[in-house]
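Presented below is the structure to which this report refers.
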Amino acid sequence: MSTTLTGKKIAFLVANSGVEQVELTTPWQAVEDAGGVPVLVAPEKDTVQAFTNDVEKADTFEADHAVSEVSAADFDGLVLPGGTTNPDALRLDDGAVDLVKQFVAAGKPVAAICHGPWMLVEAGVLQGKTLTSWPSLRTDIRNAGGTWRDVEASTCPAEGFTLVTSRNPDDLPAFSSAAVAAFAGA
């Protein structure tokens with residue numbers, strides 16, 4: 001990848017209680033490879049537990065900032081990794097949901113993979129958007145006013161903010177590429 005993100009900071013919003021490791025580390029590396037600065041944000045500035053396949057403990061990471069310490073104004077884009085634990089915990093955190101709303105209100109690109117779009121459902125920002133996700137979120141997305149598609153990666157640049165989504169870890173190459181392109185265009 002080129003250095004299309006030089007000088008851009010990209011927030012990765014995760015729950016301290018768990019995130020699917022590959023859905024954090026692969027787009028993180030893509031942002032770094034493109035010259036950007038990935039920043040780990042969690043409800044608490046503390047350890048983040050990563051998992052493989054939602055249940056097998058993997059590595060731990062230290063959050064760079066607590067949600068309460070940042071705003072969308074501090075970043076050029078947002079990544080919402082999946083795993084079922086991550087967005088399920090985050091959507092119960094008012095500060096995390098508010099941070100997602102801030103990115104959307106500011107018109108900044110958001111990239112969400114697998115179960116990550118649950119945060120967008122909770123934030124109420126999917127009306128008129130076309131996206132993909134893990135298939136079990138299909139009804140939630142439709143009920144939130146979005147259109148669900150079964151594709152490797154979806155980029156929806158409609159009104160408001162650019163939204164990049166993918167279905168699962170198999171889609172990470174396409175997701176990472178589309179996310180970097182959206183962040184570069186921001």
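Identifiers in the structure tokens: chain A, B, ... in order shown; residue index from 1 per chain; ligand index from 1 in order shown.
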Which polymer residues have any atom within 6 Å of an atom of Leu5 (chain A), counting only C-alpha atoms, with same-chain residues fewer than 4 positions away left out, as a PyMOL selection string? chain A and resi 34-36+184
Just the selected residues (N, CA and C atoms), exported as a tab-separated table (two decimals), in the first residue's frame, please.
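Listed below is the output, again-v5.tsv:
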```tsv
chain	number	residue	atom	x	y	z
A	34	ALA	N	-0.12	2.18	5.17
A	34	ALA	CA	-0.49	3.32	4.33
A	34	ALA	C	-0.01	4.64	4.91
A	35	GLY	N	0.76	4.58	5.99
A	35	GLY	CA	1.34	5.79	6.57
A	35	GLY	C	0.50	6.45	7.63
A	36	GLY	N	-0.62	5.84	8.00
A	36	GLY	CA	-1.49	6.40	9.03
A	36	GLY	C	-1.07	6.00	10.43
A	184	ALA	N	-8.31	7.70	3.10
A	184	ALA	CA	-7.46	8.55	2.26
A	184	ALA	C	-8.27	9.64	1.59
```
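Taking only C-alpha atoms, the non-local environment of Lys45 (chain A) within 6 Å (same-chain residues fewer than 4 positions away omitted) comprises A:Ala63, A:His65, A:Ala66.
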Could you write those residues out with N, CA and C atoms, as a compact mmCIF listing (two decimals), in the first residue's frame?
```txt
# COMPACT_ATOMS: atom_id res chain seq x y z
N ALA A 63 -5.03 -0.11 25.68
CA ALA A 63 -5.75 1.00 25.05
C ALA A 63 -4.91 2.27 25.16
N HIS A 65 -6.26 5.29 24.71
CA HIS A 65 -7.14 6.28 25.33
C HIS A 65 -8.43 5.62 25.77
N ALA A 66 -9.03 6.19 26.82
CA ALA A 66 -10.39 5.84 27.20
C ALA A 66 -11.33 6.64 26.31
```
Write out as a list in words each polymer residue whose atoms come within 10 Å of Thr52 (chain A), counting only C-alpha atoms; drop sequence neighbours fewer than 2 positions from it.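 Using only C-alpha atoms, the neighbours found are Gly18, Val19, Glu20, Gln21, Val22, Glu23, Ala50, Asp54, Val55, Glu56, Lys57, Ala58, Asp59 and Gly83 of chain A.
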List as a ChimeraX atom specification the protein and nucleic acid residues near Phe103 (chain A), meaning an atom at most 12 Å away when only C-alpha atoms are counted, but skip any in the same chain fewer than 6 places from it. /A:10-11,13,70-80,96-97,109-111,120,123,125,160-163,186
Export N, CA and C atoms of the chosen residues as a short mmCIF file (atom, residue, chain, number, x, y, z; two decimals), in the first residue's frame?
```
data_model
loop_
_atom_site.label_atom_id
_atom_site.label_comp_id
_atom_site.auth_asym_id
_atom_site.auth_seq_id
_atom_site.Cartn_x
_atom_site.Cartn_y
_atom_site.Cartn_z
N ILE A 10 -6.37 7.27 12.85
CA ILE A 10 -7.57 6.45 12.72
C ILE A 10 -7.84 5.77 14.06
N ALA A 11 -9.03 6.00 14.61
CA ALA A 11 -9.43 5.38 15.87
C ALA A 11 -9.92 3.96 15.63
N LEU A 13 -12.08 1.45 17.79
CA LEU A 13 -12.91 1.40 19.00
C LEU A 13 -13.19 -0.05 19.36
N VAL A 70 -11.45 11.19 24.40
CA VAL A 70 -11.33 11.54 22.99
C VAL A 70 -12.67 12.00 22.42
N SER A 71 -12.57 12.57 21.22
CA SER A 71 -13.76 12.90 20.44
C SER A 71 -13.43 12.64 18.97
N ALA A 72 -14.44 12.65 18.15
CA ALA A 72 -14.22 12.42 16.72
C ALA A 72 -13.30 13.47 16.13
N ALA A 73 -13.28 14.66 16.70
CA ALA A 73 -12.42 15.73 16.21
C ALA A 73 -10.94 15.37 16.28
N ASP A 74 -10.59 14.41 17.10
CA ASP A 74 -9.20 13.99 17.27
C ASP A 74 -8.71 13.06 16.16
N PHE A 75 -9.64 12.58 15.29
CA PHE A 75 -9.30 11.53 14.33
C PHE A 75 -9.84 11.84 12.93
N ASP A 76 -9.31 11.08 11.97
CA ASP A 76 -9.74 11.22 10.57
C ASP A 76 -10.68 10.10 10.14
N GLY A 77 -10.83 9.06 10.94
CA GLY A 77 -11.70 7.95 10.61
C GLY A 77 -11.82 7.01 11.79
N LEU A 78 -12.75 6.05 11.66
CA LEU A 78 -13.05 5.12 12.74
C LEU A 78 -13.16 3.70 12.20
N VAL A 79 -12.56 2.74 12.91
CA VAL A 79 -12.71 1.32 12.60
C VAL A 79 -13.44 0.65 13.77
N LEU A 80 -14.45 -0.14 13.41
CA LEU A 80 -15.21 -0.91 14.39
C LEU A 80 -15.00 -2.40 14.11
N ALA A 96 -19.23 5.12 24.20
CA ALA A 96 -18.80 4.51 22.95
C ALA A 96 -19.83 4.77 21.85
N VAL A 97 -21.10 4.63 22.17
CA VAL A 97 -22.16 4.90 21.19
C VAL A 97 -22.11 6.37 20.77
N PRO A 109 -15.29 9.04 7.73
CA PRO A 109 -15.50 7.65 7.33
C PRO A 109 -15.47 6.68 8.51
N VAL A 110 -16.33 5.68 8.40
CA VAL A 110 -16.42 4.63 9.41
C VAL A 110 -16.32 3.29 8.69
N ALA A 111 -15.49 2.40 9.22
CA ALA A 111 -15.33 1.06 8.66
C ALA A 111 -15.67 0.04 9.74
N LEU A 120 -23.37 0.61 14.77
CA LEU A 120 -24.07 1.56 13.89
C LEU A 120 -25.58 1.44 14.06
N ALA A 123 -26.28 3.20 17.31
CA ALA A 123 -26.14 4.66 17.17
C ALA A 123 -27.25 5.27 16.32
N VAL A 125 -27.69 5.23 12.94
CA VAL A 125 -27.13 5.98 11.81
C VAL A 125 -27.20 5.23 10.48
N GLY A 160 -23.96 12.14 4.18
CA GLY A 160 -23.45 12.14 5.54
C GLY A 160 -22.03 11.67 5.68
N PHE A 161 -21.83 10.37 5.67
CA PHE A 161 -20.51 9.81 5.92
C PHE A 161 -20.29 8.59 5.04
N THR A 162 -19.03 8.29 4.75
CA THR A 162 -18.72 7.09 3.98
C THR A 162 -18.64 5.91 4.93
N LEU A 163 -19.32 4.83 4.57
CA LEU A 163 -19.37 3.64 5.38
C LEU A 163 -18.78 2.47 4.60
N ALA A 186 -10.88 11.06 2.83
CA ALA A 186 -11.58 11.91 3.81
C ALA A 186 -10.97 13.30 3.87
#
```
Out of region 7-182 of chain A, which residues get strand (DSSP E) from DSSP, as a PyMOL selection string? chain A and resi 9-13+19-20+37-42+47-52+56-62+65-66+77-80+110-113+130-131+147-148+153-156+163-166
Name the closest residue to Pro169 (chain A) among the candidates A:Asn143, A:Ser136, A:Leu40, A:Gly82; distances are taken between atoms, counting only C-alpha atoms. A:Gly82
Separation of CA of Asp140 (chain A) from CA of Ala182 (chain A) in Å: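 Going from CA of Ala182 (chain A) over to CA of Asp140 (chain A) covers 24.5 Å.
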Who sits within 12 Å of Asp93 (chain A), only C-alpha atoms, same chain under 4 positions skipped, as number ranges by chain: A: 13-16, 42-44, 66-68, 86-89, 97-100, 119, 122-123
Residues of chain A in helix (DSSP H, G or I), written as a count of residues only: 69
Distance query Pro173 (chain A) at most 12 Å, only C-alpha atoms, self and fewer than 4 positions along chain excluded, as a list in words: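 Here the qualifying residues turn out to be Met1, Val22, Glu23, Thr25, Thr26, Pro27, Trp28, Gln29, Ala30, Ile113, Glu152, Ala153, Thr165, Ser166, Arg167, Asn168, Pro169, Ser177, Ala178, Ala179 and Val180 of chain A.
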Rank A:Val164, A:Ala105, A:Val151, A:Val48 by their smallest atom-to-atom distance to Ser17 (chain A), using only C-alpha atoms, and report the top residue only.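 So, comparing all the options, the nearest one is A:Val48.
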Counting only C-alpha atoms, figure out which residue out of A:Leu92, A:Ala144, A:Ala106, A:Leu137 gets nearest to Val121 (chain A). A:Ala144
